[in-house]
>>> print(open('model_31.pdb').read())   # PDB, C-alpha atoms
MODEL        1
ATOM      1  CA  MET A   1    -114.553  91.143 101.928
ATOM      2  CA  ARG A   2    -113.198  87.717 102.883
ATOM      3  CA  GLU A   3    -110.544  89.341 105.096
ATOM      4  CA  ILE A   4    -113.160  91.428 106.935
ATOM      5  CA  LEU A   5    -115.283  88.319 107.490
ATOM      6  CA  ARG A   6    -112.297  86.377 108.790
ATOM      7  CA  ARG A   7    -111.319  89.188 111.168
ATOM      8  CA  SER A   8    -114.910  89.493 112.388
ATOM      9  CA  ILE A   9    -115.273  85.772 113.102
ATOM     10  CA  THR A  10    -111.940  85.677 114.943
ATOM     11  CA  GLY A  11    -112.860  88.794 116.903
ATOM     12  CA  VAL A  12    -116.214  87.350 117.980
ATOM     13  CA  ILE A  13    -114.582  84.077 119.114
ATOM     14  CA  TYR A  14    -111.922  86.027 121.023
ATOM     15  CA  VAL A  15    -114.505  88.182 122.822
ATOM     16  CA  LEU A  16    -116.694  85.167 123.645
ATOM     17  CA  LEU A  17    -113.650  83.373 125.052
ATOM     18  CA  LEU A  18    -112.883  86.326 127.318
ATOM     19  CA  LEU A  19    -116.503  86.733 128.397
ATOM     20  CA  GLY A  20    -116.792  83.020 129.085
ATOM     21  CA  ALA A  21    -113.648  82.983 131.216
ATOM     22  CA  VAL A  22    -114.625  86.111 133.189
ATOM     23  CA  PHE A  23    -118.177  85.003 133.978
ATOM     24  CA  LEU A  24    -117.558  81.247 134.265
ATOM     25  CA  SER A  25    -115.200  81.386 137.257
ATOM     26  CA  SER A  26    -112.164  83.189 138.611
ATOM     27  CA  ASP A  27    -110.069  80.040 138.036
ATOM     28  CA  ALA A  28    -111.015  79.987 134.354
ATOM     29  CA  PHE A  29    -110.022  83.655 134.048
ATOM     30  CA  ASP A  30    -106.701  83.015 135.834
ATOM     31  CA  PHE A  31    -105.894  80.016 133.653
ATOM     32  CA  LEU A  32    -106.806  81.855 130.420
ATOM     33  CA  PHE A  33    -104.420  84.716 131.114
ATOM     34  CA  MET A  34    -101.696  82.397 132.316
ATOM     35  CA  ALA A  35    -101.990  80.704 128.897
ATOM     36  CA  PHE A  36    -102.157  84.060 127.098
ATOM     37  CA  GLY A  37     -99.010  85.112 128.948
ATOM     38  CA  LEU A  38     -97.173  82.000 127.756
ATOM     39  CA  ALA A  39     -98.322  82.673 124.174
ATOM     40  CA  CYS A  40     -97.204  86.321 124.340
ATOM     41  CA  LEU A  41     -93.821  85.286 125.760
ATOM     42  CA  TYR A  42     -93.387  82.731 122.989
ATOM     43  CA  GLU A  43     -94.055  85.390 120.342
ATOM     44  CA  PHE A  44     -91.823  87.940 122.106
ATOM     45  CA  LYS A  45     -89.051  85.349 122.451
ATOM     46  CA  ARG A  46     -89.241  84.540 118.738
ATOM     47  CA  ILE A  47     -89.233  88.197 117.648
ATOM     48  CA  VAL A  48     -86.266  89.258 119.810
ATOM     49  CA  ARG A  49     -84.468  85.927 119.175
ATOM     50  CA  LEU A  50     -84.148  84.937 122.808
ATOM     51  CA  LYS A  51     -82.824  81.396 123.123
ATOM     52  CA  GLY A  52     -83.771  78.797 125.708
ATOM     53  CA  TYR A  53     -86.930  78.138 127.678
ATOM     54  CA  TYR A  54     -85.953  79.547 131.067
ATOM     55  CA  ILE A  55     -88.247  82.521 130.608
ATOM     56  CA  PHE A  56     -91.313  80.250 130.590
ATOM     57  CA  VAL A  57     -90.249  78.574 133.836
ATOM     58  CA  ALA A  58     -89.557  81.956 135.455
ATOM     59  CA  TYR A  59     -92.926  83.331 134.308
ATOM     60  CA  LEU A  60     -94.875  80.324 135.611
ATOM     61  CA  ALA A  61     -93.060  80.515 138.954
ATOM     62  CA  LEU A  62     -93.729  84.249 139.231
ATOM     63  CA  TRP A  63     -97.357  83.817 138.190
ATOM     64  CA  TRP A  64     -97.946  81.024 140.722
ATOM     65  CA  ILE A  65     -96.359  83.018 143.550
ATOM     66  CA  PHE A  66     -98.376  86.175 142.969
ATOM     67  CA  ILE A  67    -101.709  84.626 141.985
ATOM     68  CA  TYR A  68    -101.919  81.819 144.524
ATOM     69  CA  LEU A  69     -99.208  82.032 147.201
ATOM     70  CA  THR A  70     -99.002  85.635 148.347
ATOM     71  CA  ASN A  71    -101.162  88.696 148.806
ATOM     72  CA  ASP A  72     -98.572  90.569 150.863
ATOM     73  CA  THR A  73     -98.906  94.237 149.932
ATOM     74  CA  ILE A  74     -95.189  94.981 150.153
ATOM     75  CA  VAL A  75     -94.239  92.061 147.893
ATOM     76  CA  VAL A  76     -96.969  92.902 145.363
ATOM     77  CA  ASN A  77     -95.913  96.565 145.338
ATOM     78  CA  LEU A  78     -92.310  95.482 144.726
ATOM     79  CA  LEU A  79     -93.385  93.521 141.646
ATOM     80  CA  MET A  80     -95.473  96.497 140.511
ATOM     81  CA  LEU A  81     -92.462  98.808 140.934
ATOM     82  CA  LEU A  82     -90.234  96.444 138.934
ATOM     83  CA  THR A  83     -92.817  96.038 136.166
ATOM     84  CA  ILE A  84     -93.505  99.765 135.845
ATOM     85  CA  THR A  85     -89.764 100.547 135.921
ATOM     86  CA  VAL A  86     -89.185  98.139 133.022
ATOM     87  CA  ASP A  87     -92.127  99.690 131.146
ATOM     88  CA  ILE A  88     -90.760 103.208 131.619
ATOM     89  CA  ALA A  89     -87.319 102.057 130.451
ATOM     90  CA  LEU A  90     -88.990 100.574 127.363
ATOM     91  CA  LEU A  91     -90.607 103.953 126.651
ATOM     92  CA  MET A  92     -87.107 105.427 126.497
ATOM     93  CA  PHE A  93     -86.275 102.675 123.976
ATOM     94  CA  LEU A  94     -89.486 103.463 122.053
ATOM     95  CA  PHE A  95     -88.625 107.136 121.589
ATOM     96  CA  SER A  96     -84.902 106.580 121.067
ATOM     97  CA  LYS A  97     -83.488 106.679 117.555
ATOM     98  CA  LYS A  98     -80.697 104.285 118.520
ATOM     99  CA  PRO A  99     -81.095 100.570 117.692
ATOM    100  CA  GLY A 100     -82.087  98.425 120.653
ATOM    101  CA  ASN A 101     -79.175  96.017 120.927
ATOM    102  CA  PHE A 102     -80.301  94.078 123.990
ATOM    103  CA  THR A 103     -78.223  91.374 125.626
ATOM    104  CA  SER A 104     -79.776  87.958 126.299
ATOM    105  CA  PHE A 105     -80.186  88.853 129.969
ATOM    106  CA  GLN A 106     -81.907  92.141 129.081
ATOM    107  CA  LYS A 107     -84.293  90.317 126.733
ATOM    108  CA  PHE A 108     -85.053  87.804 129.500
ATOM    109  CA  PHE A 109     -85.620  90.580 132.068
ATOM    110  CA  ILE A 110     -87.791  92.633 129.685
ATOM    111  CA  GLY A 111     -89.907  89.642 128.698
ATOM    112  CA  LEU A 112     -90.381  88.487 132.287
ATOM    113  CA  PHE A 113     -91.554  91.838 133.665
ATOM    114  CA  TYR A 114     -92.980  93.691 130.653
ATOM    115  CA  ILE A 115     -95.039  90.754 129.393
ATOM    116  CA  GLY A 116     -95.040  88.363 132.369
ATOM    117  CA  GLY A 117     -95.592  91.101 134.935
ATOM    118  CA  GLY A 118     -98.224  92.738 132.732
ATOM    119  CA  CYS A 119    -100.228  89.505 132.445
ATOM    120  CA  ILE A 120     -99.917  88.892 136.196
ATOM    121  CA  PHE A 121    -101.299  92.336 137.051
ATOM    122  CA  LEU A 122    -104.033  91.934 134.461
ATOM    123  CA  THR A 123    -105.036  88.782 136.342
ATOM    124  CA  MET A 124    -104.794  90.537 139.720
ATOM    125  CA  ILE A 125    -106.921  93.581 138.820
ATOM    126  CA  PRO A 126    -110.370  92.023 139.478
ATOM    127  CA  TYR A 127    -109.211  90.928 142.952
ATOM    128  CA  LYS A 128    -108.048  94.418 143.877
ATOM    129  CA  ILE A 129    -111.450  95.725 144.976
ATOM    130  CA  ASP A 130    -113.578  92.647 145.584
ATOM    131  CA  GLU A 131    -113.483  88.841 145.739
ATOM    132  CA  PHE A 132    -113.624  88.766 141.948
ATOM    133  CA  ALA A 133    -114.918  91.978 140.377
ATOM    134  CA  GLN A 134    -116.117  90.683 137.000
ATOM    135  CA  PHE A 135    -117.523  93.975 135.734
ATOM    136  CA  LEU A 136    -114.364  95.850 136.724
ATOM    137  CA  ILE A 137    -112.082  93.763 134.519
ATOM    138  CA  MET A 138    -114.680  93.695 131.742
ATOM    139  CA  GLY A 139    -114.846  97.480 131.973
ATOM    140  CA  ILE A 140    -111.096  97.676 131.366
ATOM    141  CA  PHE A 141    -111.402  95.365 128.358
ATOM    142  CA  ILE A 142    -114.244  97.531 127.024
ATOM    143  CA  LEU A 143    -112.192 100.729 127.387
ATOM    144  CA  ILE A 144    -109.370  99.172 125.359
ATOM    145  CA  TRP A 145    -111.736  97.864 122.684
ATOM    146  CA  VAL A 146    -113.632 101.162 122.393
ATOM    147  CA  ASN A 147    -110.393 103.124 122.125
ATOM    148  CA  ASP A 148    -108.937 100.783 119.483
ATOM    149  CA  THR A 149    -112.151 100.678 117.442
ATOM    150  CA  PHE A 150    -112.845 104.400 117.371
ATOM    151  CA  ALA A 151    -109.180 105.373 116.986
ATOM    152  CA  TYR A 152    -109.239 103.278 113.810
ATOM    153  CA  LEU A 153    -112.595 104.616 112.557
ATOM    154  CA  VAL A 154    -111.894 108.282 113.344
ATOM    155  CA  GLY A 155    -108.344 108.011 112.055
ATOM    156  CA  ARG A 156    -109.510 106.453 108.808
ATOM    157  CA  THR A 157    -112.217 109.111 108.350
ATOM    158  CA  LEU A 158    -110.585 112.280 109.655
ATOM    159  CA  GLY A 159    -106.946 111.377 110.193
ATOM    160  CA  ARG A 160    -104.425 113.751 108.652
ATOM    161  CA  THR A 161    -101.594 114.168 111.162
ATOM    162  CA  LYS A 162     -99.330 111.169 111.728
ATOM    163  CA  LEU A 163     -98.821 110.245 115.377
ATOM    164  CA  PHE A 164     -95.526 108.339 115.200
ATOM    165  CA  PRO A 165     -94.733 107.546 111.551
ATOM    166  CA  ALA A 166     -91.305 106.067 112.304
ATOM    167  CA  VAL A 167     -92.947 103.194 114.199
ATOM    168  CA  SER A 168     -96.601 103.062 113.101
ATOM    169  CA  PRO A 169     -97.266 105.070 109.928
ATOM    170  CA  LYS A 170    -101.041 104.449 109.933
ATOM    171  CA  LYS A 171    -101.809 105.912 113.372
ATOM    172  CA  THR A 172    -102.927 109.535 113.497
ATOM    173  CA  ILE A 173    -103.344 112.162 116.197
ATOM    174  CA  GLU A 174    -106.974 112.672 115.157
ATOM    175  CA  GLY A 175    -107.621 108.955 115.569
ATOM    176  CA  SER A 176    -106.002 108.918 119.009
ATOM    177  CA  VAL A 177    -108.105 111.878 120.156
ATOM    178  CA  GLY A 178    -111.253 110.237 118.779
ATOM    179  CA  GLY A 179    -110.433 106.984 120.598
ATOM    180  CA  LEU A 180    -109.953 108.887 123.867
ATOM    181  CA  ILE A 181    -113.244 110.787 123.529
ATOM    182  CA  PHE A 182    -115.258 107.619 122.925
ATOM    183  CA  ALA A 183    -113.413 105.815 125.735
ATOM    184  CA  LEU A 184    -114.449 108.629 128.113
ATOM    185  CA  ILE A 185    -118.056 108.241 126.950
ATOM    186  CA  ALA A 186    -117.800 104.493 127.562
ATOM    187  CA  ALA A 187    -116.326 105.166 131.019
ATOM    188  CA  TYR A 188    -119.325 107.318 131.897
ATOM    189  CA  PHE A 189    -121.731 104.486 131.066
ATOM    190  CA  LEU A 190    -119.538 101.900 132.796
ATOM    191  CA  SER A 191    -119.872 103.873 136.027
ATOM    192  CA  TRP A 192    -123.605 103.031 135.976
ATOM    193  CA  TYR A 193    -122.898  99.288 136.086
ATOM    194  CA  GLU A 194    -119.653  99.025 138.073
ATOM    195  CA  THR A 195    -120.278 101.338 141.014
ATOM    196  CA  ARG A 196    -117.182 100.371 142.986
ATOM    197  CA  LEU A 197    -115.529 103.202 141.057
ATOM    198  CA  THR A 198    -117.015 106.685 140.859
ATOM    199  CA  VAL A 199    -117.606 108.486 137.564
ATOM    200  CA  THR A 200    -114.439 110.535 138.150
ATOM    201  CA  GLU A 201    -112.421 107.390 138.858
ATOM    202  CA  TRP A 202    -113.730 105.697 135.717
ATOM    203  CA  MET A 203    -112.803 108.796 133.691
ATOM    204  CA  ALA A 204    -109.297 108.790 135.168
ATOM    205  CA  MET A 205    -109.017 105.064 134.453
ATOM    206  CA  ALA A 206    -110.092 105.658 130.840
ATOM    207  CA  CYS A 207    -107.425 108.338 130.319
ATOM    208  CA  LEU A 208    -104.735 106.108 131.796
ATOM    209  CA  ILE A 209    -105.835 103.027 129.840
ATOM    210  CA  VAL A 210    -105.964 104.944 126.549
ATOM    211  CA  VAL A 211    -102.552 106.593 126.977
ATOM    212  CA  ALA A 212    -100.762 103.518 128.376
ATOM    213  CA  GLY A 213    -102.525 101.190 125.939
ATOM    214  CA  SER A 214    -101.551 103.330 122.947
ATOM    215  CA  LEU A 215     -97.927 103.403 124.104
ATOM    216  CA  GLY A 216     -98.006  99.622 124.518
ATOM    217  CA  ASP A 217     -99.287  99.246 120.968
ATOM    218  CA  LEU A 218     -96.515 101.492 119.631
ATOM    219  CA  LEU A 219     -93.919  99.612 121.669
ATOM    220  CA  GLU A 220     -94.909  96.275 120.178
ATOM    221  CA  SER A 221     -94.870  97.869 116.721
ATOM    222  CA  LYS A 222     -91.257  98.953 117.281
ATOM    223  CA  PHE A 223     -90.218  95.440 118.320
ATOM    224  CA  LYS A 224     -91.890  94.050 115.184
ATOM    225  CA  ARG A 225     -90.330  96.720 112.959
ATOM    226  CA  MET A 226     -86.884  95.874 114.311
ATOM    227  CA  ALA A 227     -87.532  92.194 113.572
ATOM    228  CA  GLY A 228     -88.940  92.970 110.120
ATOM    229  CA  VAL A 229     -92.296  91.242 110.704
ATOM    230  CA  LYS A 230     -95.866  92.448 110.314
ATOM    231  CA  ASP A 231     -97.495  90.364 113.062
ATOM    232  CA  SER A 232     -96.188  88.742 116.232
ATOM    233  CA  GLY A 233     -97.791  85.448 115.188
ATOM    234  CA  ALA A 234    -100.553  83.855 113.147
ATOM    235  CA  ILE A 235    -102.678  82.076 115.748
ATOM    236  CA  LEU A 236    -105.583  84.521 115.288
ATOM    237  CA  PRO A 237    -106.645  84.612 111.608
ATOM    238  CA  GLY A 238    -106.861  88.200 110.409
ATOM    239  CA  HIS A 239    -105.516  89.572 113.703
ATOM    240  CA  GLY A 240    -102.007  88.130 113.969
ATOM    241  CA  GLY A 241    -100.728  86.772 117.251
ATOM    242  CA  ILE A 242    -101.858  86.842 120.873
ATOM    243  CA  TRP A 243     -99.321  89.591 121.618
ATOM    244  CA  ASP A 244    -100.865  91.670 118.810
ATOM    245  CA  ARG A 245    -104.224  91.458 120.621
ATOM    246  CA  LEU A 246    -102.891  91.999 124.144
ATOM    247  CA  ASP A 247    -100.101  94.531 123.602
ATOM    248  CA  SER A 248    -102.206  97.437 124.925
ATOM    249  CA  LEU A 249    -103.602  95.501 127.905
ATOM    250  CA  VAL A 250    -100.258  93.997 128.924
ATOM    251  CA  PHE A 251     -98.555  97.387 129.011
ATOM    252  CA  ALA A 252    -101.481  99.195 130.669
ATOM    253  CA  ALA A 253    -102.209  96.556 133.352
ATOM    254  CA  PRO A 254     -99.595  97.524 135.995
ATOM    255  CA  PHE A 255    -100.545 101.201 135.638
ATOM    256  CA  ALA A 256    -104.235 100.297 136.024
ATOM    257  CA  TYR A 257    -103.374  98.309 139.164
ATOM    258  CA  LEU A 258    -101.408 101.305 140.452
ATOM    259  CA  ILE A 259    -104.301 103.724 139.943
ATOM    260  CA  LEU A 260    -106.682 101.286 141.673
ATOM    261  CA  THR A 261    -104.247 101.225 144.597
ATOM    262  CA  ILE A 262    -104.287 105.033 144.673
ATOM    263  CA  PHE A 263    -108.101 105.064 144.568
ATOM    264  CA  SER A 264    -108.246 102.667 147.543
ATOM    265  CA  TYR A 265    -105.996 104.953 149.583
ATOM    266  CA  VAL A 266    -107.807 108.205 148.826
ATOM    267  CA  SER A 267    -111.382 106.891 149.077
TER
ENDMDL
END
>>> encode(input="model_31.pdb", output="structure tokens")
Amino acid sequence: MREILRRSITGVIYVLLLLGAVFLSSDAFDFLFMAFGLACLYEFKRIVRLKGYYIFVAYLALWWIFIYLTNDTIVVNLLMLLTITVDIALLMFLFSKKPGNFTSFQKFFIGLFYIGGGCIFLTMIPYKIDEFAQFLIMGIFILIWVNDTFAYLVGRTLGRTKLFPAVSPKKTIEGSVGGLIFALIAAYFLSWYETRLTVTEWMAMACLIVVAGSLGDLLESKFKRMAGVKDSGAILPGHGGIWDRLDSLVFAAPFAYLILTIFSYVS
């Protein structure tokens, strides 16, 4: 009972922090996710045993360039291509049975683009359609939260078939399907409030967010399993680390930015 209370209090504070940053100002939102990115990189760096602090300097430089200094489409698309390429390569690592013996340079490159690039695109998403589309980014948060919540509830109630027991023995196919169904329902209602995307576009976004977010969650679980740890950190009582909370969003963000780019071209 105490653990549930602790998780609930932490969850409420976390959600209020996000809501406050999104609706306070775009600068507050930018700064929050810059800080979250640093926290995720710190936890990643500790888990993969990457030495030195160069990755923080590189991330801050990359973040500053893409958030404040450039909106050149070609340059942004190049970063998106690099980030998605690293993510796809990590999926090969996720489904491989071979141990991931990464060099220091590979760890640096993975951290910079998988986590750093993911946080940058998460910050860039609300600027993709409007000056600062608050309800768009909140809609993406809601899709992730709905999927995670109902995947857990449905999986706990009806789950029988393990999804990927070698990496995450508690996740089930039934839970994943339940999370997707409720995320699609949430997407339908979100289309009433954020009309910059059509119902069909919100449904497509939900499918992408659920699939990419679930893969991101499994990917972080594999990194933790290799390191022999349960959580990426302990900064959030009852929830683990910042990376534990943002693993789905960080992995899904560049794909969400890509689908928004596609929507803007076809609309």
>>> closest_residue(input="model_31.pdb", among="A:Leu258, A:Ile209, A:Ala133, A:Ile142", to="Arg196 in chain A", atoms="all atoms listed in the file")
A:Ala133
>>> atom_distance(input="model_31.pdb", atom1="CA of Val86 in chain A", atom2="CA of Tyr114 in chain A")
6.3 Å
>>> closest_residue(input="model_31.pdb", among="A:Glu174, A:Asp30, A:Asp244, A:Glu43", to="Phe132 in chain A", atoms="only C-alpha atoms")
A:Asp30
>>> residues_around(input="model_31.pdb", residues="Ile84 in chain A", least_positions_apart="2", cutoff="10 Å", atoms="all atoms listed in the file", output="list of chain:residue names")
A:Leu78, A:Leu79, A:Met80, A:Leu81, A:Leu82, A:Val86, A:Asp87, A:Ile88, A:Ala89, A:Leu90, A:Phe113, A:Tyr114, A:Gly117, A:Gly118, A:Phe251, A:Ala252, A:Ala253, A:Pro254, A:Phe255, A:Leu258
>>> residues_near_point(input="model_31.pdb", point="(-97.5, 94.6, 115.9)", cutoff="12 Å", atoms="all atoms listed in the file", output="PyMOL selection string")
chain A and resi 40+43-44+47+167-168+214+216-234+239-248
>>> resolve_selection(input="model_31.pdb", expression="the PyMOL selection byres ((chain A and resi 171) around 9)", output="short mmCIF file (atom, residue, chain, number, x, y, z; two decimals) with C-alpha atoms, in the coordinates of the input")
data_model
loop_
_atom_site.label_atom_id
_atom_site.label_comp_id
_atom_site.auth_asym_id
_atom_site.auth_seq_id
_atom_site.Cartn_x
_atom_site.Cartn_y
_atom_site.Cartn_z
CA ALA A 151 -109.18 105.37 116.99
CA TYR A 152 -109.24 103.28 113.81
CA GLY A 155 -108.34 108.01 112.06
CA ARG A 156 -109.51 106.45 108.81
CA GLY A 159 -106.95 111.38 110.19
CA THR A 161 -101.59 114.17 111.16
CA LYS A 162 -99.33 111.17 111.73
CA LEU A 163 -98.82 110.24 115.38
CA PHE A 164 -95.53 108.34 115.20
CA PRO A 165 -94.73 107.55 111.55
CA SER A 168 -96.60 103.06 113.10
CA PRO A 169 -97.27 105.07 109.93
CA LYS A 170 -101.04 104.45 109.93
CA THR A 172 -102.93 109.54 113.50
CA ILE A 173 -103.34 112.16 116.20
CA GLU A 174 -106.97 112.67 115.16
CA GLY A 175 -107.62 108.96 115.57
CA SER A 176 -106.00 108.92 119.01
#
>>> decode(input="model_31.pdb", residues="range 81-142 of chain A", atoms="C-alpha atoms", output="mmCIF file, in the first residue's frame")
data_model
loop_
_atom_site.group_PDB
_atom_site.id
_atom_site.type_symbol
_atom_site.label_atom_id
_atom_site.label_comp_id
_atom_site.auth_asym_id
_atom_site.auth_seq_id
_atom_site.Cartn_x
_atom_site.Cartn_y
_atom_site.Cartn_z
ATOM 1 C CA LEU A 81 17.888 10.762 -40.403
ATOM 2 C CA LEU A 82 20.858 10.212 -38.075
ATOM 3 C CA THR A 83 18.628 9.754 -35.022
ATOM 4 C CA ILE A 84 16.259 7.324 -36.739
ATOM 5 C CA THR A 85 19.196 5.380 -38.224
ATOM 6 C CA VAL A 86 20.686 4.940 -34.742
ATOM 7 C CA ASP A 87 17.270 3.874 -33.413
ATOM 8 C CA ILE A 88 16.850 1.277 -36.162
ATOM 9 C CA ALA A 89 20.366 -0.038 -35.492
ATOM 10 C CA LEU A 90 19.429 -0.333 -31.809
ATOM 11 C CA LEU A 91 16.383 -2.412 -32.780
ATOM 12 C CA MET A 92 18.771 -4.870 -34.422
ATOM 13 C CA PHE A 93 20.665 -4.941 -31.102
ATOM 14 C CA LEU A 94 17.366 -5.419 -29.227
ATOM 15 C CA PHE A 95 16.381 -8.511 -31.206
ATOM 16 C CA SER A 96 19.898 -9.928 -31.454
ATOM 17 C CA LYS A 97 20.919 -12.762 -29.157
ATOM 18 C CA LYS A 98 24.552 -11.645 -29.255
ATOM 19 C CA PRO A 99 25.899 -9.521 -26.371
ATOM 20 C CA GLY A 100 26.180 -5.829 -27.173
ATOM 21 C CA ASN A 101 29.891 -5.185 -26.758
ATOM 22 C CA PHE A 102 29.963 -1.514 -27.722
ATOM 23 C CA THR A 103 33.146 0.512 -27.976
ATOM 24 C CA SER A 104 33.411 3.836 -26.126
ATOM 25 C CA PHE A 105 32.817 5.708 -29.378
ATOM 26 C CA GLN A 106 29.714 3.621 -30.133
ATOM 27 C CA LYS A 107 28.345 4.301 -26.642
ATOM 28 C CA PHE A 108 28.993 8.027 -27.141
ATOM 29 C CA PHE A 109 27.323 8.006 -30.581
ATOM 30 C CA ILE A 110 24.325 5.981 -29.350
ATOM 31 C CA GLY A 111 23.809 8.194 -26.311
ATOM 32 C CA LEU A 112 24.116 11.415 -28.304
ATOM 33 C CA PHE A 113 21.582 10.498 -30.995
ATOM 34 C CA TYR A 114 19.302 7.918 -29.355
ATOM 35 C CA ILE A 115 18.797 9.902 -26.151
ATOM 36 C CA GLY A 116 20.069 13.379 -27.081
ATOM 37 C CA GLY A 117 18.431 13.376 -30.502
ATOM 38 C CA GLY A 118 15.229 11.925 -29.051
ATOM 39 C CA CYS A 119 14.962 14.697 -26.445
ATOM 40 C CA ILE A 120 15.715 17.349 -29.080
ATOM 41 C CA PHE A 121 12.927 16.122 -31.364
ATOM 42 C CA LEU A 122 10.571 15.833 -28.412
ATOM 43 C CA THR A 123 11.260 19.524 -27.794
ATOM 44 C CA MET A 124 10.824 20.381 -31.485
ATOM 45 C CA ILE A 125 7.475 18.608 -31.985
ATOM 46 C CA PRO A 126 5.197 21.421 -30.698
ATOM 47 C CA TYR A 127 6.910 23.888 -33.063
ATOM 48 C CA LYS A 128 6.347 21.675 -36.092
ATOM 49 C CA ILE A 129 2.791 22.828 -36.809
ATOM 50 C CA ASP A 130 2.387 26.108 -34.953
ATOM 51 C CA GLU A 131 4.262 28.719 -32.907
ATOM 52 C CA PHE A 132 3.979 26.437 -29.889
ATOM 53 C CA ALA A 133 1.253 23.802 -30.183
ATOM 54 C CA GLN A 134 0.629 23.014 -26.508
ATOM 55 C CA PHE A 135 -2.217 20.562 -27.055
ATOM 56 C CA LEU A 136 -0.260 18.689 -29.725
ATOM 57 C CA ILE A 137 2.619 17.803 -27.411
ATOM 58 C CA MET A 138 0.216 17.119 -24.541
ATOM 59 C CA GLY A 139 -1.691 14.794 -26.856
ATOM 60 C CA ILE A 140 1.493 12.807 -27.476
ATOM 61 C CA PHE A 141 2.153 12.582 -23.735
ATOM 62 C CA ILE A 142 -1.438 11.405 -23.207
#
